[in-house]
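Undergrad: Below is the file entry_12.cif, which contains mmCIF, C-alpha atoms.
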data_structure
loop_
_atom_site.group_PDB
_atom_site.id
_atom_site.type_symbol
_atom_site.label_atom_id
_atom_site.label_comp_id
_atom_site.auth_asym_id
_atom_site.auth_seq_id
_atom_site.Cartn_x
_atom_site.Cartn_y
_atom_site.Cartn_z
ATOM 1 C CA MET A 1 9.637 15.607 16.081
ATOM 2 C CA VAL A 2 6.104 14.585 15.069
ATOM 3 C CA ASP A 3 5.436 10.872 15.503
ATOM 4 C CA LEU A 4 3.360 10.250 12.422
ATOM 5 C CA GLY A 5 2.893 11.851 9.021
ATOM 6 C CA ILE A 6 -0.337 10.616 7.417
ATOM 7 C CA VAL A 7 -0.869 10.762 3.649
ATOM 8 C CA ILE A 8 -4.394 10.164 2.327
ATOM 9 C CA VAL A 9 -4.770 10.033 -1.455
ATOM 10 C CA ASN A 10 -8.349 10.666 -2.533
ATOM 11 C CA TRP A 11 -10.244 10.353 -5.800
ATOM 12 C CA ASN A 12 -14.005 10.950 -5.808
ATOM 13 C CA THR A 13 -14.706 9.464 -2.371
ATOM 14 C CA SER A 14 -15.821 12.540 -0.442
ATOM 15 C CA ALA A 15 -18.189 10.763 1.957
ATOM 16 C CA TYR A 16 -15.641 8.090 2.837
ATOM 17 C CA LEU A 17 -12.884 10.682 3.158
ATOM 18 C CA ARG A 18 -14.981 12.713 5.573
ATOM 19 C CA GLN A 19 -15.581 9.697 7.806
ATOM 20 C CA CYS A 20 -11.930 8.675 7.611
ATOM 21 C CA LEU A 21 -10.686 12.136 8.599
ATOM 22 C CA ALA A 22 -13.219 12.307 11.414
ATOM 23 C CA THR A 23 -11.814 9.116 12.897
ATOM 24 C CA VAL A 24 -8.216 10.258 12.374
ATOM 25 C CA PHE A 25 -8.757 13.549 14.198
ATOM 26 C CA ALA A 26 -10.686 11.763 16.962
ATOM 27 C CA SER A 27 -7.587 9.673 17.699
ATOM 28 C CA GLN A 28 -6.609 9.221 21.305
ATOM 29 C CA GLY A 29 -3.421 8.223 23.064
ATOM 30 C CA ASP A 30 0.101 9.555 23.229
ATOM 31 C CA VAL A 31 0.718 10.286 19.542
ATOM 32 C CA SER A 32 1.346 13.427 17.516
ATOM 33 C CA PHE A 33 0.579 13.535 13.813
ATOM 34 C CA ARG A 34 0.238 15.629 10.681
ATOM 35 C CA VAL A 35 -2.250 14.894 7.927
ATOM 36 C CA VAL A 36 -1.788 15.592 4.228
ATOM 37 C CA VAL A 37 -4.748 14.973 1.913
ATOM 38 C CA VAL A 38 -3.761 14.698 -1.739
ATOM 39 C CA ASP A 39 -6.769 14.951 -4.031
ATOM 40 C CA ASN A 40 -6.314 13.474 -7.498
ATOM 41 C CA ALA A 41 -8.529 15.932 -9.403
ATOM 42 C CA SER A 42 -11.821 14.625 -8.010
ATOM 43 C CA ASP A 43 -15.076 15.553 -9.711
ATOM 44 C CA ASP A 44 -16.982 15.566 -6.419
ATOM 45 C CA ASP A 45 -16.742 17.965 -3.470
ATOM 46 C CA SER A 46 -13.803 16.205 -1.782
ATOM 47 C CA ALA A 47 -11.525 19.244 -1.771
ATOM 48 C CA ALA A 48 -14.235 21.684 -0.645
ATOM 49 C CA MET A 49 -15.357 19.283 2.073
ATOM 50 C CA THR A 50 -11.811 18.932 3.390
ATOM 51 C CA ARG A 51 -11.252 22.691 3.446
ATOM 52 C CA GLN A 52 -14.530 23.281 5.260
ATOM 53 C CA HIS A 53 -14.559 20.503 7.822
ATOM 54 C CA PHE A 54 -10.884 19.671 8.343
ATOM 55 C CA PRO A 55 -8.821 22.869 8.036
ATOM 56 C CA GLN A 56 -6.171 21.292 10.275
ATOM 57 C CA ALA A 57 -5.286 18.937 7.414
ATOM 58 C CA GLN A 58 -2.940 20.111 4.688
ATOM 59 C CA LEU A 59 -4.769 19.825 1.369
ATOM 60 C CA ILE A 60 -2.991 19.418 -1.962
ATOM 61 C CA VAL A 61 -5.195 19.370 -5.065
ATOM 62 C CA ASN A 62 -3.635 17.886 -8.191
ATOM 63 C CA SER A 63 -4.704 19.219 -11.575
ATOM 64 C CA SER A 64 -5.044 15.667 -12.929
ATOM 65 C CA ASN A 65 -5.258 12.110 -11.641
ATOM 66 C CA LEU A 66 -1.616 11.258 -11.034
ATOM 67 C CA GLY A 67 -2.290 7.728 -9.868
ATOM 68 C CA TYR A 68 -1.742 6.297 -6.413
ATOM 69 C CA PRO A 69 2.064 6.118 -5.976
ATOM 70 C CA ARG A 70 2.806 9.462 -7.581
ATOM 71 C CA ALA A 71 0.132 11.213 -5.507
ATOM 72 C CA ASN A 72 1.407 9.535 -2.343
ATOM 73 C CA ASN A 73 4.893 10.777 -3.166
ATOM 74 C CA VAL A 74 3.487 14.311 -3.427
ATOM 75 C CA GLY A 75 2.185 13.932 0.117
ATOM 76 C CA LEU A 76 5.362 12.290 1.398
ATOM 77 C CA ARG A 77 7.474 15.126 0.001
ATOM 78 C CA ALA A 78 5.186 17.640 1.707
ATOM 79 C CA LEU A 79 6.038 15.876 4.966
ATOM 80 C CA GLY A 80 9.781 16.084 4.332
ATOM 81 C CA TYR A 81 10.523 12.736 2.663
ATOM 82 C CA HIS A 82 12.313 13.545 -0.584
ATOM 83 C CA GLY A 83 13.769 10.214 -1.627
ATOM 84 C CA ALA A 84 16.667 7.939 -0.786
ATOM 85 C CA GLY A 85 19.092 9.766 1.501
ATOM 86 C CA GLN A 86 16.946 12.891 1.380
ATOM 87 C CA VAL A 87 14.790 13.032 4.488
ATOM 88 C CA ALA A 88 14.322 16.406 6.160
ATOM 89 C CA ALA A 89 15.309 16.787 9.791
ATOM 90 C CA ASP A 90 11.715 17.579 10.768
ATOM 91 C CA ALA A 91 10.103 14.724 8.826
ATOM 92 C CA PRO A 92 7.882 12.601 11.119
ATOM 93 C CA ARG A 93 9.327 9.481 12.701
ATOM 94 C CA TYR A 94 6.884 7.359 10.724
ATOM 95 C CA ALA A 95 4.945 7.848 7.509
ATOM 96 C CA LEU A 96 1.485 6.324 7.175
ATOM 97 C CA LEU A 97 -0.209 5.635 3.859
ATOM 98 C CA LEU A 98 -3.921 5.588 4.642
ATOM 99 C CA ASN A 99 -6.831 5.009 2.281
ATOM 100 C CA PRO A 100 -9.848 7.339 2.516
ATOM 101 C CA ASP A 101 -12.171 4.327 2.790
ATOM 102 C CA THR A 102 -10.767 3.302 6.181
ATOM 103 C CA GLU A 103 -12.124 4.049 9.642
ATOM 104 C CA LEU A 104 -9.801 4.049 12.646
ATOM 105 C CA PRO A 105 -10.614 3.102 16.224
ATOM 106 C CA PRO A 106 -9.557 5.827 18.677
ATOM 107 C CA GLU A 107 -6.209 4.326 19.732
ATOM 108 C CA ALA A 108 -5.135 2.787 16.421
ATOM 109 C CA LEU A 109 -2.490 5.401 15.643
ATOM 110 C CA SER A 110 -0.925 5.436 19.104
ATOM 111 C CA ARG A 111 -0.878 1.644 19.364
ATOM 112 C CA MET A 112 0.700 1.194 15.931
ATOM 113 C CA VAL A 113 3.397 3.739 16.818
ATOM 114 C CA GLN A 114 4.018 1.940 20.127
ATOM 115 C CA PHE A 115 4.280 -1.367 18.271
ATOM 116 C CA MET A 116 7.009 -0.094 15.959
ATOM 117 C CA ASP A 117 8.774 1.839 18.725
ATOM 118 C CA ALA A 118 9.199 -1.453 20.579
ATOM 119 C CA ARG A 119 10.701 -3.146 17.488
ATOM 120 C CA PRO A 120 13.478 -0.987 16.033
ATOM 121 C CA ASP A 121 14.233 -3.542 13.292
ATOM 122 C CA VAL A 122 10.718 -3.249 11.817
ATOM 123 C CA GLY A 123 10.585 -0.961 8.796
ATOM 124 C CA ILE A 124 6.908 -1.482 7.924
ATOM 125 C CA ALA A 125 3.872 -2.528 9.942
ATOM 126 C CA GLY A 126 0.177 -2.825 9.295
ATOM 127 C CA PRO A 127 -2.913 -3.678 11.371
ATOM 128 C CA LYS A 128 -5.660 -6.196 10.802
ATOM 129 C CA LEU A 129 -8.084 -4.819 8.212
ATOM 130 C CA VAL A 130 -11.678 -6.005 8.200
ATOM 131 C CA LEU A 131 -14.249 -5.493 5.471
ATOM 132 C CA GLU A 132 -17.766 -4.139 5.869
ATOM 133 C CA ASP A 133 -19.114 -7.616 6.662
ATOM 134 C CA GLY A 134 -16.478 -8.131 9.364
ATOM 135 C CA SER A 135 -14.391 -10.590 7.360
ATOM 136 C CA LEU A 136 -10.643 -10.270 6.980
ATOM 137 C CA ASP A 137 -9.270 -8.152 4.151
ATOM 138 C CA LYS A 138 -6.821 -10.802 3.012
ATOM 139 C CA ALA A 139 -4.541 -8.231 1.396
ATOM 140 C CA CYS A 140 -3.494 -6.867 4.798
ATOM 141 C CA ARG A 141 -0.863 -9.617 5.153
ATOM 142 C CA ARG A 142 0.779 -10.929 2.035
ATOM 143 C CA GLY A 143 3.583 -12.908 0.530
ATOM 144 C CA PHE A 144 5.437 -11.575 -2.483
ATOM 145 C CA PRO A 145 3.943 -12.866 -5.765
ATOM 146 C CA THR A 146 6.923 -14.917 -6.866
ATOM 147 C CA PRO A 147 6.253 -17.154 -9.874
ATOM 148 C CA ALA A 148 5.747 -20.134 -7.533
ATOM 149 C CA VAL A 149 3.528 -18.321 -5.016
ATOM 150 C CA SER A 150 1.435 -16.831 -7.842
ATOM 151 C CA PHE A 151 1.021 -20.263 -9.412
ATOM 152 C CA TYR A 152 -0.198 -21.785 -6.141
ATOM 153 C CA HIS A 153 -2.679 -18.925 -5.717
ATOM 154 C CA TYR A 154 -4.132 -18.717 -9.226
ATOM 155 C CA SER A 155 -4.099 -22.462 -9.918
ATOM 156 C CA GLY A 156 -6.445 -23.054 -6.992
ATOM 157 C CA LEU A 157 -3.945 -24.943 -4.831
ATOM 158 C CA ALA A 158 -4.156 -22.172 -2.221
ATOM 159 C CA ARG A 159 -7.932 -22.663 -1.991
ATOM 160 C CA LEU A 160 -7.569 -26.431 -1.706
ATOM 161 C CA PHE A 161 -4.817 -26.259 0.912
ATOM 162 C CA PRO A 162 -5.201 -22.874 2.646
ATOM 163 C CA ARG A 163 -3.424 -24.037 5.827
ATOM 164 C CA ASN A 164 -0.345 -25.219 3.973
ATOM 165 C CA PRO A 165 2.538 -22.726 4.505
ATOM 166 C CA ARG A 166 3.742 -23.229 0.938
ATOM 167 C CA PHE A 167 0.450 -23.126 -0.950
ATOM 168 C CA GLY A 168 -1.187 -20.477 1.272
ATOM 169 C CA ARG A 169 1.618 -17.935 1.264
ATOM 170 C CA TYR A 170 -0.024 -15.424 -1.131
ATOM 171 C CA ASN A 171 -2.519 -14.305 1.536
ATOM 172 C CA MET A 172 -0.831 -16.001 4.511
ATOM 173 C CA THR A 173 -3.947 -18.164 4.984
ATOM 174 C CA PHE A 174 -1.902 -20.737 6.886
ATOM 175 C CA ALA A 175 -1.875 -18.371 9.896
ATOM 176 C CA HIS A 176 -4.855 -17.384 12.052
ATOM 177 C CA PRO A 177 -6.068 -13.810 11.331
ATOM 178 C CA ASP A 178 -5.303 -12.848 14.946
ATOM 179 C CA GLU A 179 -1.762 -14.229 14.903
ATOM 180 C CA GLU A 180 0.937 -11.573 14.928
ATOM 181 C CA LEU A 181 3.556 -12.522 12.364
ATOM 182 C CA GLU A 182 6.304 -11.363 10.082
ATOM 183 C CA VAL A 183 5.109 -11.070 6.486
ATOM 184 C CA ASP A 184 6.462 -9.975 3.127
ATOM 185 C CA ALA A 185 4.127 -6.996 2.784
ATOM 186 C CA VAL A 186 1.095 -5.208 4.179
ATOM 187 C CA VAL A 187 -1.402 -3.324 2.063
ATOM 188 C CA GLY A 188 -1.139 0.375 1.253
ATOM 189 C CA ALA A 189 -4.593 0.987 2.735
ATOM 190 C CA TYR A 190 -2.776 1.228 6.086
ATOM 191 C CA MET A 191 0.979 1.009 5.697
ATOM 192 C CA GLN A 192 3.174 2.533 8.406
ATOM 193 C CA VAL A 193 6.813 3.029 7.411
ATOM 194 C CA ARG A 194 9.832 4.066 9.478
ATOM 195 C CA ARG A 195 11.582 7.256 8.315
ATOM 196 C CA GLU A 196 14.998 5.530 8.323
ATOM 197 C CA ALA A 197 13.630 2.845 5.989
ATOM 198 C CA ILE A 198 12.393 5.537 3.603
ATOM 199 C CA ALA A 199 15.782 7.231 3.781
ATOM 200 C CA GLN A 200 17.370 3.990 2.580
ATOM 201 C CA ALA A 201 14.839 2.675 0.073
ATOM 202 C CA GLY A 202 13.397 5.928 -1.291
ATOM 203 C CA LEU A 203 9.795 6.709 -2.159
ATOM 204 C CA LEU A 204 7.163 4.764 -4.072
ATOM 205 C CA ASP A 205 7.974 3.739 -7.633
ATOM 206 C CA GLU A 206 5.872 5.891 -9.946
ATOM 207 C CA VAL A 207 6.038 3.439 -12.844
ATOM 208 C CA PHE A 208 2.998 1.843 -11.187
ATOM 209 C CA PHE A 209 -0.320 3.694 -11.526
ATOM 210 C CA MET A 210 -2.390 1.816 -8.966
ATOM 211 C CA TYR A 211 -1.745 -1.557 -7.320
ATOM 212 C CA GLY A 212 1.664 -3.126 -6.815
ATOM 213 C CA GLU A 213 3.444 -0.033 -5.540
ATOM 214 C CA ASP A 214 3.003 -1.098 -1.899
ATOM 215 C CA LEU A 215 4.371 -4.580 -2.649
ATOM 216 C CA ASP A 216 7.318 -3.027 -4.448
ATOM 217 C CA TRP A 217 8.012 -0.613 -1.571
ATOM 218 C CA ALA A 218 7.963 -3.491 0.917
ATOM 219 C CA PHE A 219 10.257 -5.510 -1.347
ATOM 220 C CA ARG A 220 12.827 -2.720 -1.545
ATOM 221 C CA ILE A 221 12.614 -1.944 2.173
ATOM 222 C CA LYS A 222 13.148 -5.611 3.019
ATOM 223 C CA GLN A 223 16.101 -5.641 0.633
ATOM 224 C CA ALA A 224 17.546 -2.789 2.693
ATOM 225 C CA GLY A 225 17.483 -5.061 5.755
ATOM 226 C CA TRP A 226 14.213 -4.101 7.458
ATOM 227 C CA ARG A 227 11.426 -6.417 8.603
ATOM 228 C CA VAL A 228 7.686 -6.207 7.882
ATOM 229 C CA TRP A 229 5.124 -7.148 10.518
ATOM 230 C CA TYR A 230 1.377 -7.710 10.709
ATOM 231 C CA HIS A 231 -0.096 -6.483 14.011
ATOM 232 C CA PRO A 232 -3.683 -7.777 14.382
ATOM 233 C CA ALA A 233 -4.169 -6.390 17.889
ATOM 234 C CA VAL A 234 -5.163 -3.171 16.087
ATOM 235 C CA VAL A 235 -8.256 -3.587 13.893
ATOM 236 C CA VAL A 236 -9.186 -1.063 11.182
ATOM 237 C CA ARG A 237 -12.332 -1.092 9.066
ATOM 238 C CA HIS A 238 -11.755 -0.976 5.309
ATOM 239 C CA VAL A 239 -14.539 -0.543 2.759
ATOM 240 C CA LYS A 240 -12.131 -1.495 -0.058
ATOM 241 C CA ARG A 241 -12.213 -0.381 -3.688
ATOM 242 C CA ALA A 242 -14.337 2.668 -2.915
ATOM 243 C CA ALA A 243 -12.404 4.572 -5.570
ATOM 244 C CA SER A 244 -11.174 1.803 -7.873
ATOM 245 C CA ARG A 245 -14.658 0.424 -8.521
ATOM 246 C CA GLN A 246 -15.383 3.741 -10.257
ATOM 247 C CA SER A 247 -12.409 3.321 -12.580
ATOM 248 C CA ARG A 248 -12.515 1.402 -15.837
ATOM 249 C CA ARG A 249 -8.710 1.174 -15.645
ATOM 250 C CA ALA A 250 -8.621 -0.688 -12.341
ATOM 251 C CA ALA A 251 -8.684 -4.294 -13.596
ATOM 252 C CA PHE A 252 -6.115 -3.586 -16.303
ATOM 253 C CA GLU A 253 -3.843 -1.734 -13.873
ATOM 254 C CA PHE A 254 -3.902 -4.674 -11.453
ATOM 255 C CA TRP A 255 -2.485 -7.048 -14.043
ATOM 256 C CA ARG A 256 -0.142 -4.382 -15.395
ATOM 257 C CA ALA A 257 1.181 -3.983 -11.850
ATOM 258 C CA MET A 258 1.768 -7.725 -11.567
ATOM 259 C CA LEU A 259 3.653 -7.642 -14.878
ATOM 260 C CA ILE A 260 5.813 -4.729 -13.742
ATOM 261 C CA PHE A 261 6.532 -6.332 -10.369
ATOM 262 C CA TYR A 262 7.498 -9.636 -11.999
ATOM 263 C CA ARG A 263 9.651 -7.972 -14.633
ATOM 264 C CA LYS A 264 11.378 -5.768 -12.091
ATOM 265 C CA HIS A 265 12.152 -8.345 -9.422
ATOM 266 C CA TYR A 266 11.985 -11.853 -10.912
ATOM 267 C CA ARG A 267 12.556 -11.765 -14.672
ATOM 268 C CA ALA A 268 16.357 -11.856 -14.401
ATOM 269 C CA SER A 269 16.261 -15.126 -12.431
ATOM 270 C CA THR A 270 13.454 -16.801 -14.427
ATOM 271 C CA PRO A 271 14.317 -19.331 -17.162
ATOM 272 C CA LEU A 272 13.000 -18.568 -20.634
ATOM 273 C CA TRP A 273 10.442 -21.388 -20.735
ATOM 274 C CA LEU A 274 8.880 -20.205 -17.466
ATOM 275 C CA HIS A 275 9.064 -16.578 -18.549
ATOM 276 C CA ILE A 276 6.991 -17.388 -21.639
ATOM 277 C CA LEU A 277 4.401 -19.210 -19.526
ATOM 278 C CA ILE A 278 4.167 -16.284 -17.104
ATOM 279 C CA LEU A 279 3.625 -13.790 -19.921
ATOM 280 C CA ALA A 280 0.957 -16.043 -21.440
ATOM 281 C CA ALA A 281 -0.829 -16.302 -18.088
ATOM 282 C CA LEU A 282 -0.716 -12.534 -17.600
ATOM 283 C CA LEU A 283 -2.141 -11.949 -21.075
ATOM 284 C CA LEU A 284 -4.891 -14.466 -20.354
ATOM 285 C CA LYS A 285 -5.800 -12.672 -17.120
ATOM 286 C CA GLY A 286 -5.139 -9.070 -18.128
ATOM 287 C CA GLY A 287 -6.275 -9.120 -21.730
ATOM 288 C CA THR A 288 -4.636 -7.963 -24.911
ATOM 289 C CA GLY A 289 -4.105 -4.485 -23.481
ATOM 290 C CA LEU A 290 -1.061 -5.885 -21.692
ATOM 291 C CA TRP A 291 0.560 -6.761 -25.006
ATOM 292 C CA GLN A 292 1.699 -3.169 -25.546
ATOM 293 C CA GLU A 293 3.230 -3.144 -22.071
ATOM 294 C CA ILE A 294 5.026 -6.412 -22.808
ATOM 295 C CA ARG A 295 6.349 -5.195 -26.150
ATOM 296 C CA HIS A 296 7.502 -1.818 -24.856
ATOM 297 C CA PRO A 297 8.589 -2.152 -21.226
ATOM 298 C CA GLN A 298 9.663 0.863 -19.217
ATOM 299 C CA ALA A 299 13.198 1.925 -20.113
ATOM 300 C CA SER A 300 14.147 2.341 -16.446
ATOM 301 C CA TRP A 301 12.639 1.952 -13.021
ATOM 302 C CA MET A 302 11.837 5.130 -11.162
ATOM 303 C CA ASN A 303 13.040 4.244 -7.683
ATOM 304 C CA VAL A 304 12.964 7.823 -6.430
#
Let me see the file written as structure tokens.

TA:
Amino acid sequence: MVDLGIVIVNWNTSAYLRQCLATVFASQGDVSFRVVVVDNASDDDSAAMTRQHFPQAQLIVNSSNLGYPRANNVGLRALGYHGAGQVAADAPRYALLLNPDTELPPEALSRMVQFMDARPDVGIAGPKLVLEDGSLDKACRRGFPTPAVSFYHYSGLARLFPRNPRFGRYNMTFAHPDEELEVDAVVGAYMQVRREAIAQAGLLDEVFFMYGEDLDWAFRIKQAGWRVWYHPAVVVRHVKRAASRQSRRAAFEFWRAMLIFYRKHYRASTPLWLHILILAALLLKGGTGLWQEIRHPQASWMNV
């Protein structure tokens, strides 16, 4: 059985994708892997570049931009993950969601596999991600955006008291960046998931378009009884927003994702007065475009 199935969803980031794939295929250590590149109808030469320079990768070219979770599910299915209770016998032991704007050190893959092999109760793990300037990508270790945690973050209390475990939970700022710890979620830029956890929780929820789907996946996998860990001994470079900065939808989709996540996981337990305040805050942040989403929520959640 292959150790790792890597899914890289790409949209118009050919140069970053080329560097990412070069580092993936230069990986060292005792690890076997398959790579699936899912191109979301890029306008640049991403697909041609992949065919020419990385024929060992499986390339899937979508006819339109399906969004991040749906395109990742295309790649996951190609690896043998077909949803809850539907994992093929030859599906890799772990699935890795990897952004094309990441660069891996040579032993990142093998060390992340070793980390999860040594902890059979861990369903998801992620490394330390650093930005181009060497600073921490704070999204690589996160708390779930409950109404309280979101309030502490967006009210500024988290900035005033970053070392407080209550106020700093959104980005886990109370812990040192090099401290290994259990978290609520890691970011989908490098998100390694155990096949048994996928078999229980299913694939990514395609009601999201971009943002939020990794939080939701972690939420459902934790609900199934698995743990999520941040492993900073492995450090991966992340350019961040290489694709989303090209999209006029990105800012709207972020707040739409927060609305969907709240509605899906916290609305039922939120009193009406607080619910109204949360919707008002989301409209203030996300703009009037969210009003249509609020008025006509999804009829059902696509937990595939």

Undergrad: Could you list as number ranges by chain every residue that has an atom within 8 Å of (0.1, 13.5, 3.5), using the file's coordinates and counting only C-alpha atoms?

TA: A: 5-9, 34-38, 58, 72, 74-76, 78-79, 97

Undergrad: For a quick check of understanding, using all atoms listed in the file, which of A:Tyr152, A:Leu136, A:Met210, A:Pro271 has the smallest distance to Asn164 of chain A?

TA: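 That would be A:Tyr152, the residue with the smallest distance to Asn164 of chain A.
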
Undergrad: Box for segment 266-270 of chain A - axis-aligned, 3 Å on each of the six sides, all listed atoms - centre and size in Å to one decimal, as AutoDock Vina command-line options.

TA:
--center_x 14.2 --center_y -14.3 --center_z -12.8 --size_x 10.4 --size_y 11.0 --size_z 9.8

Undergrad: For atom CA of Arg166 of chain A and atom CA of Gly212 of chain A, determine how far apart the two atoms are, in Å to one decimal place.

TA: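 Result for atom CA of Arg166 of chain A versus atom CA of Gly212 of chain A: 21.6 Å, one decimal.
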
Undergrad: Going by the chain IDs and residue numbers used in this file, which residues fall under the PyMOL selection byres ((chain A and resi 129) around 9)? Write them as an MDAnalysis selection string.

TA: chainID A and resid 102 126:128 130:131 135:140 189:190 232 234:238

Undergrad: Between A:Ala71, A:Leu160, A:Ile221, A:Leu277, which is the closest to Ile198 of chain A once you count all atoms listed in the file?

TA: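 Looking at the shortest contact to Ile198 of chain A, the residue is A:Ile221.
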
Undergrad: Tell me which residues the PyMOL selection byres ((chain A and resi 283) around 12) grabs here, as a PDB file with C-alpha atoms, keeping the file's coordinate frame.

TA:
ATOM      1  CA  PHE A 252      -6.115  -3.586 -16.303  1.00  0.00           C
ATOM      2  CA  TRP A 255      -2.485  -7.048 -14.043  1.00  0.00           C
ATOM      3  CA  ARG A 256      -0.142  -4.382 -15.395  1.00  0.00           C
ATOM      4  CA  MET A 258       1.768  -7.725 -11.567  1.00  0.00           C
ATOM      5  CA  LEU A 259       3.653  -7.642 -14.878  1.00  0.00           C
ATOM      6  CA  ILE A 276       6.991 -17.388 -21.639  1.00  0.00           C
ATOM      7  CA  LEU A 277       4.401 -19.210 -19.526  1.00  0.00           C
ATOM      8  CA  ILE A 278       4.167 -16.284 -17.104  1.00  0.00           C
ATOM      9  CA  LEU A 279       3.625 -13.790 -19.921  1.00  0.00           C
ATOM     10  CA  ALA A 280       0.957 -16.043 -21.440  1.00  0.00           C
ATOM     11  CA  ALA A 281      -0.829 -16.302 -18.088  1.00  0.00           C
ATOM     12  CA  LEU A 282      -0.716 -12.534 -17.600  1.00  0.00           C
ATOM     13  CA  LEU A 284      -4.891 -14.466 -20.354  1.00  0.00           C
ATOM     14  CA  LYS A 285      -5.800 -12.672 -17.120  1.00  0.00           C
ATOM     15  CA  GLY A 286      -5.139  -9.070 -18.128  1.00  0.00           C
ATOM     16  CA  GLY A 287      -6.275  -9.120 -21.730  1.00  0.00           C
ATOM     17  CA  THR A 288      -4.636  -7.963 -24.911  1.00  0.00           C
ATOM     18  CA  GLY A 289      -4.105  -4.485 -23.481  1.00  0.00           C
ATOM     19  CA  LEU A 290      -1.061  -5.885 -21.692  1.00  0.00           C
ATOM     20  CA  TRP A 291       0.560  -6.761 -25.006  1.00  0.00           C
ATOM     21  CA  GLN A 292       1.699  -3.169 -25.546  1.00  0.00           C
ATOM     22  CA  GLU A 293       3.230  -3.144 -22.071  1.00  0.00           C
ATOM     23  CA  ILE A 294       5.026  -6.412 -22.808  1.00  0.00           C
ATOM     24  CA  ARG A 295       6.349  -5.195 -26.150  1.00  0.00           C
TER      25      ARG A 295
END

Undergrad: Enumerate, as a list in words, the residues matched when the PyMOL selection byres ((chain A and resi 82) around 10) is run on the file above.

TA: Asn73, Val74, Leu76, Arg77, Ala78, Leu79, Gly80, Tyr81, Gly83, Ala84, Gly85, Gln86, Val87, Ala88, Ala91, Ile198, Ala199, Gly202, Leu203 and Val304 of chain A

Undergrad: Between A:His176, A:Arg263, A:His53, A:Arg159, which has the minimum distance to His275 of chain A (counting only C-alpha atoms)?

TA: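 Among A:His176, A:Arg263, A:His53, A:Arg159, it is A:Arg263 that comes nearest to His275 of chain A.
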
Undergrad: Can you tell me how far atom CA of Tyr266 of chain A sits from atom CA of Ala148 of chain A, in Å to one decimal?

TA: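 We find that atom CA of Tyr266 of chain A and atom CA of Ala148 of chain A lie 10.9 Å from each other.
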
Undergrad: Using the partial input, fill out segment 263-274 of chain A with N, CA and C atoms; write the result as a PDB file, in the coordinates of the input.

TA:
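Printed below is selection01.pdb as written:
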ATOM      1  N   ARG A 263       8.550  -8.358 -13.750  1.00  0.00           N
ATOM      2  CA  ARG A 263       9.651  -7.972 -14.633  1.00  0.00           C
ATOM      3  C   ARG A 263      10.769  -7.303 -13.850  1.00  0.00           C
ATOM      4  N   LYS A 264      10.397  -6.527 -12.872  1.00  0.00           N
ATOM      5  CA  LYS A 264      11.378  -5.768 -12.091  1.00  0.00           C
ATOM      6  C   LYS A 264      12.178  -6.644 -11.144  1.00  0.00           C
ATOM      7  N   HIS A 265      11.502  -7.619 -10.504  1.00  0.00           N
ATOM      8  CA  HIS A 265      12.152  -8.345  -9.422  1.00  0.00           C
ATOM      9  C   HIS A 265      12.473  -9.813  -9.726  1.00  0.00           C
ATOM     10  N   TYR A 266      11.795 -10.422 -10.709  1.00  0.00           N
ATOM     11  CA  TYR A 266      11.985 -11.853 -10.912  1.00  0.00           C
ATOM     12  C   TYR A 266      12.408 -12.255 -12.321  1.00  0.00           C
ATOM     13  N   ARG A 267      12.256 -11.379 -13.297  1.00  0.00           N
ATOM     14  CA  ARG A 267      12.556 -11.765 -14.672  1.00  0.00           C
ATOM     15  C   ARG A 267      13.997 -12.236 -14.830  1.00  0.00           C
ATOM     16  N   ALA A 268      14.933 -11.545 -14.209  1.00  0.00           N
ATOM     17  CA  ALA A 268      16.357 -11.856 -14.401  1.00  0.00           C
ATOM     18  C   ALA A 268      16.705 -13.260 -13.921  1.00  0.00           C
ATOM     19  N   SER A 269      15.951 -13.803 -12.974  1.00  0.00           N
ATOM     20  CA  SER A 269      16.261 -15.126 -12.431  1.00  0.00           C
ATOM     21  C   SER A 269      15.297 -16.201 -12.929  1.00  0.00           C
ATOM     22  N   THR A 270      14.458 -15.864 -13.916  1.00  0.00           N
ATOM     23  CA  THR A 270      13.454 -16.801 -14.427  1.00  0.00           C
ATOM     24  C   THR A 270      13.900 -17.391 -15.753  1.00  0.00           C
ATOM     25  N   PRO A 271      13.930 -18.724 -15.883  1.00  0.00           N
ATOM     26  CA  PRO A 271      14.317 -19.331 -17.162  1.00  0.00           C
ATOM     27  C   PRO A 271      13.329 -18.973 -18.259  1.00  0.00           C
ATOM     28  N   LEU A 272      13.798 -19.030 -19.506  1.00  0.00           N
ATOM     29  CA  LEU A 272      13.000 -18.568 -20.634  1.00  0.00           C
ATOM     30  C   LEU A 272      11.672 -19.305 -20.755  1.00  0.00           C
ATOM     31  N   TRP A 273      11.686 -20.628 -20.576  1.00  0.00           N
ATOM     32  CA  TRP A 273      10.442 -21.388 -20.735  1.00  0.00           C
ATOM     33  C   TRP A 273       9.381 -20.938 -19.735  1.00  0.00           C
ATOM     34  N   LEU A 274       9.827 -20.657 -18.484  1.00  0.00           N
ATOM     35  CA  LEU A 274       8.880 -20.205 -17.466  1.00  0.00           C
ATOM     36  C   LEU A 274       8.462 -18.758 -17.713  1.00  0.00           C
TER      37      LEU A 274
END
